[in-house]
>>> print(open('target10.pdb').read())   # PDB, C-alpha atoms, pLDDT in the B column
ATOM      1  CA  MET M   1    -156.438-121.193-102.133  1.00 56.00           C
ATOM      2  CA  THR M   2    -156.324-119.491-105.531  1.00 67.00           C
ATOM      3  CA  ALA M   3    -154.043-116.547-106.194  1.00 61.00           C
ATOM      4  CA  LYS M   4    -157.053-114.206-106.328  1.00 59.00           C
ATOM      5  CA  ARG M   5    -158.408-115.409-102.987  1.00 63.00           C
ATOM      6  CA  ARG M   6    -154.942-115.261-101.456  1.00 59.00           C
ATOM      7  CA  SER M   7    -154.571-111.659-102.601  1.00 59.00           C
ATOM      8  CA  LEU M   8    -158.006-110.758-101.172  1.00 61.00           C
ATOM      9  CA  PHE M   9    -157.126-112.456 -97.879  1.00 60.00           C
ATOM     10  CA  TYR M  10    -153.877-110.536 -97.464  1.00 58.00           C
ATOM     11  CA  THR M  11    -155.558-107.269 -98.462  1.00 59.00           C
ATOM     12  CA  THR M  12    -158.220-107.805 -95.775  1.00 61.00           C
ATOM     13  CA  ILE M  13    -155.576-108.557 -93.148  1.00 58.00           C
ATOM     14  CA  CYS M  14    -153.664-105.401 -94.050  1.00 52.00           C
ATOM     15  CA  LEU M  15    -156.815-103.270 -93.830  1.00 53.00           C
ATOM     16  CA  LEU M  16    -157.686-104.733 -90.431  1.00 53.00           C
ATOM     17  CA  TRP M  17    -154.139-104.097 -89.231  1.00 50.00           C
ATOM     18  CA  GLN M  18    -154.327-100.483 -90.357  1.00 50.00           C
ATOM     19  CA  TYR M  19    -157.749-100.093 -88.696  1.00 49.00           C
ATOM     20  CA  VAL M  20    -156.507-101.371 -85.343  1.00 46.00           C
ATOM     21  CA  HIS M  21    -153.380 -99.244 -85.411  1.00 45.00           C
ATOM     22  CA  THR M  22    -155.412 -96.167 -86.278  1.00 50.00           C
ATOM     23  CA  PHE M  23    -156.838 -96.331 -82.767  1.00 55.00           C
ATOM     24  CA  THR M  24    -153.987 -97.947 -80.857  1.00 58.00           C
ATOM     25  CA  PRO M  25    -150.572 -96.309 -81.284  1.00 64.00           C
ATOM     26  CA  GLU M  26    -147.930 -99.030 -81.482  1.00 71.00           C
ATOM     27  CA  MET M  27    -145.741 -97.450 -78.809  1.00 74.00           C
ATOM     28  CA  ARG M  28    -148.595 -97.223 -76.299  1.00 74.00           C
ATOM     29  CA  GLY M  29    -148.211-100.889 -75.378  1.00 82.00           C
ATOM     30  CA  LYS M  30    -151.054-102.438 -73.395  1.00 88.00           C
ATOM     31  CA  ALA M  31    -151.872 -99.365 -71.328  1.00 94.00           C
ATOM     32  CA  ARG M  32    -155.468 -98.179 -71.181  1.00 97.00           C
ATOM     33  CA  PHE M  33    -156.242 -94.906 -69.422  1.00 98.00           C
ATOM     34  CA  PHE M  34    -159.859 -93.812 -68.991  1.00 98.00           C
ATOM     35  CA  LEU M  35    -161.168 -90.387 -68.013  1.00 98.00           C
ATOM     36  CA  ASP M  36    -163.569 -90.823 -65.107  1.00 98.00           C
ATOM     37  CA  THR M  37    -166.214 -88.154 -65.628  1.00 98.00           C
ATOM     38  CA  ALA M  38    -169.559 -87.669 -67.339  1.00 98.00           C
ATOM     39  CA  ASP M  39    -168.916 -83.971 -67.965  1.00 98.00           C
ATOM     40  CA  PRO M  40    -168.533 -83.348 -71.730  1.00 98.00           C
ATOM     41  CA  ASN M  41    -166.680 -80.102 -71.008  1.00 98.00           C
ATOM     42  CA  GLU M  42    -163.962 -82.133 -69.291  1.00 98.00           C
ATOM     43  CA  TRP M  43    -163.899 -84.494 -72.274  1.00 98.00           C
ATOM     44  CA  ASP M  44    -163.278 -81.537 -74.577  1.00 97.00           C
ATOM     45  CA  LYS M  45    -160.355 -80.463 -72.400  1.00 98.00           C
ATOM     46  CA  TRP M  46    -158.635 -83.782 -71.705  1.00 98.00           C
ATOM     47  CA  LEU M  47    -159.378 -86.219 -74.512  1.00 97.00           C
ATOM     48  CA  PRO M  48    -157.338 -84.287 -77.124  1.00 96.00           C
ATOM     49  CA  THR M  49    -154.179 -85.066 -75.106  1.00 96.00           C
ATOM     50  CA  GLY M  50    -154.300 -88.531 -76.682  1.00 95.00           C
ATOM     51  CA  ILE M  51    -153.487 -90.376 -73.446  1.00 96.00           C
ATOM     52  CA  PHE M  52    -156.996 -91.739 -72.942  1.00 97.00           C
ATOM     53  CA  THR M  53    -158.365 -94.907 -74.486  1.00 97.00           C
ATOM     54  CA  GLY M  54    -161.846 -94.102 -73.265  1.00 98.00           C
ATOM     55  CA  VAL M  55    -164.280 -92.570 -70.807  1.00 98.00           C
ATOM     56  CA  THR M  56    -165.952 -94.103 -67.760  1.00 98.00           C
ATOM     57  CA  THR M  57    -169.277 -92.984 -66.349  1.00 98.00           C
ATOM     58  CA  ASN M  58    -171.829 -94.179 -63.806  1.00 98.00           C
ATOM     59  CA  PRO M  59    -175.112 -92.806 -62.435  1.00 98.00           C
ATOM     60  CA  LEU M  60    -173.368 -90.820 -59.670  1.00 98.00           C
ATOM     61  CA  LEU M  61    -171.017 -89.179 -62.170  1.00 98.00           C
ATOM     62  CA  LEU M  62    -173.998 -88.374 -64.383  1.00 98.00           C
ATOM     63  CA  GLU M  63    -175.712 -86.752 -61.418  1.00 98.00           C
ATOM     64  CA  ARG M  64    -172.633 -84.662 -60.573  1.00 98.00           C
ATOM     65  CA  ALA M  65    -172.377 -83.519 -64.187  1.00 98.00           C
ATOM     66  CA  GLN M  66    -176.133 -82.812 -64.289  1.00 98.00           C
ATOM     67  CA  GLN M  67    -176.598 -85.267 -67.145  1.00 98.00           C
ATOM     68  CA  PRO M  68    -179.894 -87.223 -67.353  1.00 98.00           C
ATOM     69  CA  CYS M  69    -179.581 -90.952 -66.651  1.00 98.00           C
ATOM     70  CA  THR M  70    -181.748 -92.147 -69.533  1.00 98.00           C
ATOM     71  CA  VAL M  71    -180.981 -94.501 -72.383  1.00 98.00           C
ATOM     72  CA  PRO M  72    -181.519 -91.880 -75.144  1.00 98.00           C
ATOM     73  CA  HIS M  73    -179.323 -89.313 -73.420  1.00 98.00           C
ATOM     74  CA  LEU M  74    -176.589 -91.871 -72.741  1.00 98.00           C
ATOM     75  CA  HIS M  75    -176.652 -92.742 -76.435  1.00 98.00           C
ATOM     76  CA  THR M  76    -176.057 -89.049 -77.159  1.00 98.00           C
ATOM     77  CA  LEU M  77    -173.141 -88.946 -74.718  1.00 98.00           C
ATOM     78  CA  CYS M  78    -171.688 -92.140 -76.177  1.00 98.00           C
ATOM     79  CA  HIS M  79    -171.805 -90.697 -79.678  1.00 98.00           C
ATOM     80  CA  ARG M  80    -170.041 -87.548 -78.508  1.00 98.00           C
ATOM     81  CA  ALA M  81    -167.306 -89.375 -76.567  1.00 98.00           C
ATOM     82  CA  LEU M  82    -166.635 -91.860 -79.355  1.00 98.00           C
ATOM     83  CA  GLN M  83    -165.694 -89.008 -81.651  1.00 96.00           C
ATOM     84  CA  HIS M  84    -162.475 -88.820 -79.628  1.00 95.00           C
ATOM     85  CA  VAL M  85    -161.821 -92.209 -77.986  1.00 97.00           C
ATOM     86  CA  ASP M  86    -162.213 -95.931 -78.642  1.00 96.00           C
ATOM     87  CA  GLU M  87    -164.465 -96.870 -75.701  1.00 98.00           C
ATOM     88  CA  ILE M  88    -167.027 -95.502 -73.296  1.00 98.00           C
ATOM     89  CA  MET M  89    -168.377 -97.275 -70.225  1.00 98.00           C
ATOM     90  CA  VAL M  90    -171.957 -96.747 -69.098  1.00 98.00           C
ATOM     91  CA  GLN M  91    -173.716 -98.483 -66.232  1.00 98.00           C
ATOM     92  CA  THR M  92    -176.974-100.394 -66.415  1.00 98.00           C
ATOM     93  CA  TRP M  93    -179.583-100.168 -63.677  1.00 98.00           C
ATOM     94  CA  ALA M  94    -182.724-101.994 -62.598  1.00 97.00           C
ATOM     95  CA  GLY M  95    -185.108 -99.118 -61.970  1.00 94.00           C
ATOM     96  CA  ILE M  96    -188.445-100.003 -60.399  1.00 92.00           C
ATOM     97  CA  SER M  97    -188.743-103.422 -62.005  1.00 87.00           C
ATOM     98  CA  GLU M  98    -189.510-106.358 -59.732  1.00 90.00           C
ATOM     99  CA  ASP M  99    -187.153-108.526 -61.784  1.00 97.00           C
ATOM    100  CA  ALA M 100    -183.834-106.707 -61.357  1.00 97.00           C
ATOM    101  CA  VAL M 101    -181.824-109.193 -63.418  1.00 98.00           C
ATOM    102  CA  ALA M 102    -184.137-109.000 -66.414  1.00 98.00           C
ATOM    103  CA  ALA M 103    -184.385-105.204 -66.204  1.00 98.00           C
ATOM    104  CA  MET M 104    -180.622-104.677 -65.953  1.00 98.00           C
ATOM    105  CA  TYR M 105    -179.992-107.094 -68.800  1.00 98.00           C
ATOM    106  CA  GLN M 106    -182.551-105.433 -71.073  1.00 98.00           C
ATOM    107  CA  ARG M 107    -181.243-101.958 -70.286  1.00 98.00           C
ATOM    108  CA  GLY M 108    -177.667-103.107 -70.857  1.00 98.00           C
ATOM    109  CA  MET M 109    -178.641-104.412 -74.279  1.00 98.00           C
ATOM    110  CA  GLU M 110    -180.374-101.130 -75.094  1.00 98.00           C
ATOM    111  CA  LEU M 111    -177.421 -99.046 -73.900  1.00 98.00           C
ATOM    112  CA  SER M 112    -174.896-100.999 -75.944  1.00 98.00           C
ATOM    113  CA  ALA M 113    -177.037-101.279 -79.090  1.00 98.00           C
ATOM    114  CA  PRO M 114    -175.474 -98.358 -81.034  1.00 98.00           C
ATOM    115  CA  SER M 115    -171.964 -99.874 -80.875  1.00 98.00           C
ATOM    116  CA  ARG M 116    -171.371-103.154 -79.057  1.00 97.00           C
ATOM    117  CA  ASP M 117    -167.679-103.064 -79.926  1.00 97.00           C
ATOM    118  CA  LYS M 118    -167.143 -99.644 -78.306  1.00 98.00           C
ATOM    119  CA  ILE M 119    -169.759 -99.322 -75.544  1.00 98.00           C
ATOM    120  CA  VAL M 120    -168.856-101.289 -72.395  1.00 98.00           C
ATOM    121  CA  ILE M 121    -171.652-102.016 -69.930  1.00 98.00           C
ATOM    122  CA  LYS M 122    -170.816-101.631 -66.256  1.00 98.00           C
ATOM    123  CA  VAL M 123    -172.567-103.973 -63.846  1.00 98.00           C
ATOM    124  CA  PRO M 124    -172.181-104.076 -60.032  1.00 98.00           C
ATOM    125  CA  THR M 125    -170.353-107.173 -58.761  1.00 98.00           C
ATOM    126  CA  THR M 126    -173.340-108.492 -56.827  1.00 97.00           C
ATOM    127  CA  PHE M 127    -175.114-111.845 -57.021  1.00 97.00           C
ATOM    128  CA  GLU M 128    -177.722-110.398 -59.385  1.00 97.00           C
ATOM    129  CA  GLY M 129    -175.167-108.276 -61.212  1.00 98.00           C
ATOM    130  CA  THR M 130    -172.997-111.267 -62.000  1.00 98.00           C
ATOM    131  CA  GLN M 131    -176.002-113.005 -63.536  1.00 98.00           C
ATOM    132  CA  VAL M 132    -176.630-109.919 -65.650  1.00 98.00           C
ATOM    133  CA  ALA M 133    -172.964-109.788 -66.675  1.00 98.00           C
ATOM    134  CA  SER M 134    -173.049-113.423 -67.747  1.00 98.00           C
ATOM    135  CA  GLN M 135    -176.142-112.890 -69.885  1.00 98.00           C
ATOM    136  CA  LEU M 136    -174.779-109.723 -71.484  1.00 98.00           C
ATOM    137  CA  ILE M 137    -171.479-111.407 -72.310  1.00 98.00           C
ATOM    138  CA  GLN M 138    -173.306-114.338 -73.887  1.00 98.00           C
ATOM    139  CA  SER M 139    -175.276-111.815 -75.952  1.00 98.00           C
ATOM    140  CA  GLY M 140    -172.087-110.248 -77.325  1.00 97.00           C
ATOM    141  CA  CYS M 141    -171.709-107.266 -74.975  1.00 98.00           C
ATOM    142  CA  ARG M 142    -168.478-106.036 -73.469  1.00 98.00           C
ATOM    143  CA  VAL M 143    -168.798-105.917 -69.679  1.00 98.00           C
ATOM    144  CA  CYS M 144    -167.049-104.274 -66.736  1.00 98.00           C
ATOM    145  CA  LEU M 145    -167.897-105.637 -63.297  1.00 98.00           C
ATOM    146  CA  THR M 146    -167.721-102.622 -61.023  1.00 98.00           C
ATOM    147  CA  VAL M 147    -167.975-101.571 -57.350  1.00 96.00           C
ATOM    148  CA  GLY M 148    -164.970-103.732 -56.490  1.00 96.00           C
ATOM    149  CA  TYR M 149    -164.562-103.745 -52.703  1.00 98.00           C
ATOM    150  CA  ASP M 150    -162.884-107.154 -52.420  1.00 98.00           C
ATOM    151  CA  PRO M 151    -160.634-107.177 -55.489  1.00 98.00           C
ATOM    152  CA  PRO M 152    -158.952-110.616 -55.217  1.00 98.00           C
ATOM    153  CA  LYS M 153    -162.205-112.471 -54.565  1.00 98.00           C
ATOM    154  CA  GLN M 154    -164.123-110.487 -57.149  1.00 98.00           C
ATOM    155  CA  ALA M 155    -161.339-111.101 -59.666  1.00 98.00           C
ATOM    156  CA  LEU M 156    -162.319-114.768 -59.439  1.00 98.00           C
ATOM    157  CA  LEU M 157    -165.883-113.857 -60.398  1.00 98.00           C
ATOM    158  CA  ALA M 158    -164.912-111.486 -63.201  1.00 98.00           C
ATOM    159  CA  THR M 159    -162.450-113.921 -64.761  1.00 98.00           C
ATOM    160  CA  THR M 160    -164.665-116.984 -64.584  1.00 98.00           C
ATOM    161  CA  VAL M 161    -167.715-115.151 -65.947  1.00 98.00           C
ATOM    162  CA  GLY M 162    -165.600-113.701 -68.764  1.00 98.00           C
ATOM    163  CA  ALA M 163    -165.881-109.987 -67.972  1.00 98.00           C
ATOM    164  CA  GLU M 164    -163.435-107.814 -69.853  1.00 98.00           C
ATOM    165  CA  TYR M 165    -162.862-105.525 -66.861  1.00 98.00           C
ATOM    166  CA  LEU M 166    -163.102-105.560 -63.066  1.00 98.00           C
ATOM    167  CA  ALA M 167    -163.066-102.129 -61.407  1.00 98.00           C
ATOM    168  CA  PRO M 168    -161.739-102.108 -57.816  1.00 98.00           C
ATOM    169  CA  TYR M 169    -162.141 -98.783 -56.006  1.00 98.00           C
ATOM    170  CA  HIS M 170    -158.653 -98.037 -54.705  1.00 98.00           C
ATOM    171  CA  GLY M 171    -159.408 -94.768 -52.902  1.00 98.00           C
ATOM    172  CA  ARG M 172    -162.545 -96.055 -51.245  1.00 97.00           C
ATOM    173  CA  LEU M 173    -160.738 -99.223 -50.174  1.00 98.00           C
ATOM    174  CA  ALA M 174    -158.002 -97.090 -48.645  1.00 97.00           C
ATOM    175  CA  ASP M 175    -160.670 -95.194 -46.695  1.00 97.00           C
ATOM    176  CA  GLN M 176    -162.417 -98.379 -45.643  1.00 96.00           C
ATOM    177  CA  TRP M 177    -159.239-100.044 -44.420  1.00 95.00           C
ATOM    178  CA  GLN M 178    -157.491 -96.777 -43.466  1.00 95.00           C
ATOM    179  CA  SER M 179    -154.520 -98.093 -45.414  1.00 96.00           C
ATOM    180  CA  PRO M 180    -153.586 -96.981 -48.950  1.00 96.00           C
ATOM    181  CA  THR M 181    -150.871 -99.656 -48.935  1.00 97.00           C
ATOM    182  CA  GLN M 182    -153.414-102.385 -48.226  1.00 98.00           C
ATOM    183  CA  ALA M 183    -155.634-101.073 -51.031  1.00 98.00           C
ATOM    184  CA  THR M 184    -152.703-101.120 -53.434  1.00 98.00           C
ATOM    185  CA  GLN M 185    -151.797-104.685 -52.471  1.00 98.00           C
ATOM    186  CA  ALA M 186    -155.413-105.791 -52.954  1.00 98.00           C
ATOM    187  CA  CYS M 187    -155.403-104.461 -56.525  1.00 98.00           C
ATOM    188  CA  ILE M 188    -152.072-106.151 -57.230  1.00 98.00           C
ATOM    189  CA  HIS M 189    -153.399-109.404 -55.749  1.00 98.00           C
ATOM    190  CA  ALA M 190    -156.461-109.203 -58.010  1.00 98.00           C
ATOM    191  CA  HIS M 191    -154.153-108.845 -61.009  1.00 98.00           C
ATOM    192  CA  GLN M 192    -152.239-111.913 -59.836  1.00 98.00           C
ATOM    193  CA  VAL M 193    -155.491-113.883 -59.479  1.00 98.00           C
ATOM    194  CA  VAL M 194    -156.344-113.179 -63.118  1.00 98.00           C
ATOM    195  CA  GLN M 195    -152.868-114.252 -64.165  1.00 97.00           C
ATOM    196  CA  GLY M 196    -153.137-117.387 -62.030  1.00 98.00           C
ATOM    197  CA  LEU M 197    -156.373-118.336 -63.766  1.00 98.00           C
ATOM    198  CA  LYS M 198    -154.787-117.506 -67.131  1.00 98.00           C
ATOM    199  CA  GLY M 199    -157.690-115.157 -67.753  1.00 98.00           C
ATOM    200  CA  HIS M 200    -157.952-112.005 -69.819  1.00 96.00           C
ATOM    201  CA  THR M 201    -159.890-109.729 -67.442  1.00 98.00           C
ATOM    202  CA  ARG M 202    -158.257-106.340 -67.000  1.00 98.00           C
ATOM    203  CA  ILE M 203    -158.069-104.890 -63.500  1.00 98.00           C
ATOM    204  CA  LEU M 204    -159.395-101.380 -64.126  1.00 98.00           C
ATOM    205  CA  VAL M 205    -158.229 -99.508 -61.020  1.00 98.00           C
ATOM    206  CA  ALA M 206    -160.737 -96.785 -60.172  1.00 98.00           C
ATOM    207  CA  SER M 207    -161.107 -94.161 -57.435  1.00 97.00           C
ATOM    208  CA  LEU M 208    -157.475 -93.149 -57.830  1.00 98.00           C
ATOM    209  CA  ARG M 209    -156.472 -90.078 -55.852  1.00 97.00           C
ATOM    210  CA  SER M 210    -152.887 -89.488 -56.896  1.00 97.00           C
ATOM    211  CA  THR M 211    -150.441 -90.174 -59.677  1.00 98.00           C
ATOM    212  CA  ASP M 212    -148.097 -91.698 -57.078  1.00 97.00           C
ATOM    213  CA  THR M 213    -150.549 -94.579 -56.666  1.00 98.00           C
ATOM    214  CA  LEU M 214    -150.937 -94.890 -60.417  1.00 98.00           C
ATOM    215  CA  VAL M 215    -147.161 -95.115 -60.864  1.00 98.00           C
ATOM    216  CA  GLU M 216    -146.823 -97.689 -58.088  1.00 98.00           C
ATOM    217  CA  LEU M 217    -149.513 -99.914 -59.579  1.00 98.00           C
ATOM    218  CA  ALA M 218    -148.127 -99.560 -63.093  1.00 98.00           C
ATOM    219  CA  ALA M 219    -144.677-100.574 -61.854  1.00 97.00           C
ATOM    220  CA  ALA M 220    -146.299-103.687 -60.346  1.00 97.00           C
ATOM    221  CA  GLY M 221    -147.666-104.715 -63.735  1.00 97.00           C
ATOM    222  CA  LEU M 222    -151.181-103.236 -63.817  1.00 98.00           C
ATOM    223  CA  ASP M 223    -151.948-101.384 -67.032  1.00 97.00           C
ATOM    224  CA  THR M 224    -155.570-100.202 -66.888  1.00 98.00           C
ATOM    225  CA  PHE M 225    -156.750 -97.178 -64.896  1.00 98.00           C
ATOM    226  CA  THR M 226    -159.592 -94.704 -64.729  1.00 98.00           C
ATOM    227  CA  PHE M 227    -159.106 -91.382 -63.001  1.00 98.00           C
ATOM    228  CA  SER M 228    -160.682 -87.975 -62.617  1.00 98.00           C
ATOM    229  CA  PRO M 229    -159.658 -84.746 -64.361  1.00 98.00           C
ATOM    230  CA  ASP M 230    -157.981 -83.701 -61.084  1.00 98.00           C
ATOM    231  CA  VAL M 231    -155.631 -86.683 -61.240  1.00 98.00           C
ATOM    232  CA  ALA M 232    -155.101 -86.094 -64.953  1.00 98.00           C
ATOM    233  CA  ALA M 233    -153.931 -82.579 -64.064  1.00 98.00           C
ATOM    234  CA  GLN M 234    -151.369 -84.075 -61.670  1.00 98.00           C
ATOM    235  CA  LEU M 235    -149.755 -85.907 -64.603  1.00 98.00           C
ATOM    236  CA  PHE M 236    -148.840 -82.528 -66.078  1.00 97.00           C
ATOM    237  CA  ASP M 237    -147.963 -80.783 -62.813  1.00 97.00           C
ATOM    238  CA  THR M 238    -144.174 -80.593 -63.219  1.00 97.00           C
ATOM    239  CA  PRO M 239    -143.043 -76.971 -62.812  1.00 97.00           C
ATOM    240  CA  ALA M 240    -139.462 -77.636 -63.953  1.00 98.00           C
ATOM    241  CA  THR M 241    -140.750 -79.033 -67.248  1.00 97.00           C
ATOM    242  CA  GLU M 242    -143.011 -75.998 -67.744  1.00 96.00           C
ATOM    243  CA  THR M 243    -140.081 -73.656 -67.062  1.00 98.00           C
ATOM    244  CA  ALA M 244    -137.804 -75.492 -69.496  1.00 98.00           C
ATOM    245  CA  ALA M 245    -140.517 -75.471 -72.185  1.00 97.00           C
ATOM    246  CA  ARG M 246    -140.910 -71.692 -71.811  1.00 96.00           C
ATOM    247  CA  ASP M 247    -137.132 -71.276 -72.064  1.00 97.00           C
ATOM    248  CA  PHE M 248    -137.096 -73.270 -75.329  1.00 97.00           C
ATOM    249  CA  GLU M 249    -139.933 -71.147 -76.729  1.00 96.00           C
ATOM    250  CA  ALA M 250    -138.137 -67.942 -75.778  1.00 94.00           C
ATOM    251  CA  ALA M 251    -134.914 -69.128 -77.417  1.00 95.00           C
ATOM    252  CA  ALA M 252    -136.771 -70.147 -80.582  1.00 95.00           C
ATOM    253  CA  LEU M 253    -138.469 -66.728 -80.733  1.00 93.00           C
ATOM    254  CA  ARG M 254    -135.164 -64.897 -80.288  1.00 91.00           C
ATOM    255  CA  MET M 255    -133.391 -66.914 -82.963  1.00 91.00           C
ATOM    256  CA  SER M 256    -136.282 -66.873 -85.439  1.00 91.00           C
ATOM    257  CA  SER M 257    -136.487 -63.078 -85.196  1.00 79.00           C
ATOM    258  CA  GLY M 258    -132.737 -62.670 -85.664  1.00 66.00           C
ATOM    259  CA  LEU M 259    -132.171 -61.124 -82.234  1.00 57.00           C
TER     260      LEU M 259
END
>>> encode(input="target10.pdb", output="structure tokens")
Amino acid sequence: MTAKRRSLFYTTICLLWQYVHTFTPEMRGKARFFLDTADPNEWDKWLPTGIFTGVTTNPLLLERAQQPCTVPHLHTLCHRALQHVDEIMVQTWAGISEDAVAAMYQRGMELSAPSRDKIVIKVPTTFEGTQVASQLIQSGCRVCLTVGYDPPKQALLATTVGAEYLAPYHGRLADQWQSPTQATQACIHAHQVVQGLKGHTRILVASLRSTDTLVELAAAGLDTFTFSPDVAAQLFDTPATETAARDFEAAALRMSSGL
């Protein structure tokens, strides 16, 4: 390698390093928090906190936020969200097509077209959905297998197909089994399955109802979560901290005014 090429190589590496660290603060570690809502007003409120890597949506969240579930409108939402975060997840769907796999694949390709490195396509972890996920991954799309109701078993599918994320629904599992503890253990077990297979799939724990669950899962080694604005508010619900912050502000005001 000539000196000129060596210099160009190292310059490129440095620029890539700076680009990556522009979006991923070094002290954040591997954690990825996602805001689970399709309401842009909630994005405007919560994304500036800097704790979120991205946004997660699905057709039900779009419906609740009164946002049209169309490819053009989702492109608009993606553009808006990506002004603030590194990723947004949108879910493909089959519609009225007789060939669900082909329709979901085509729509996934259309949804991700504006930015395949930042738009993650969510696909249900069904027999047909796994086929769609496989095809999308082979076509260069980032994929999240979602609707995880049997996390350890579905972690096998997600890891072997090469999905970047698997989203187990913690809260809904707790309701189904009437046991939050069992739901927590299932998510931990899924994480262990991925580790056992030496895979790289992230267990994206969804349907979280409290920060206590988030803390428990994080302490067990999970590092990827999506949660609603209500749970985000719980992260900042510490009255003693608010009181101390007001005391500091009052002291600063007194001393800066010479009183």
>>> atom_distance(input="target10.pdb", atom1="atom CA of M:Val231", atom2="atom CA of M:Asp44")
16.2 Å
>>> residues_around(input="target10.pdb", residues="M:Ala113", least_positions_apart="4", cutoff="12 Å", atoms="all atoms listed in the file", output="count of residues only")
20
>>> atom_distance(input="target10.pdb", atom1="atom CA of M:Ala167", atom2="atom CA of M:Gly129")
13.6 Å
>>> residues_near_point(input="target10.pdb", point="(-163.0, -93.8, -71.6)", cutoff="8 Å", atoms="only C-alpha atoms", output="PyMOL selection string")
chain M and resi 33-36+52-56+81+85-89+226
>>> residues_around(input="target10.pdb", residues="stretch 180-192 of chain M", least_positions_apart="4", cutoff="10 Å", atoms="all atoms listed in the file", output="NGL selection string")
:M and (148-156 or 166-176 or 196-199 or 201-205 or 213-214 or 216-218 or 220-223)
>>> closest_residue(input="target10.pdb", among="M:Lys122, M:Arg64, M:His200, M:Arg32", to="M:Leu145", atoms="all atoms listed in the file")
M:Lys122
>>> residues_around(input="target10.pdb", residues="M:Trp46", least_positions_apart="4", cutoff="10 Å", atoms="only C-alpha atoms", output="list of chain:residue names")
M:Leu35, M:Pro40, M:Asn41, M:Glu42, M:Gly50, M:Ile51, M:Phe52, M:Pro229, M:Ala232, M:Ala233
>>> residues_near_point(input="target10.pdb", point="(-185.6, -93.9, -65.8)", cutoff="10 Å", atoms="only C-alpha atoms", output="list in words")
Pro68, Cys69, Thr70, Val71, Trp93, Ala94, Gly95 and Ile96 of chain M
>>> atom_distance(input="target10.pdb", atom1="atom CA of M:Thr126", atom2="atom CA of M:Leu157")
9.9 Å
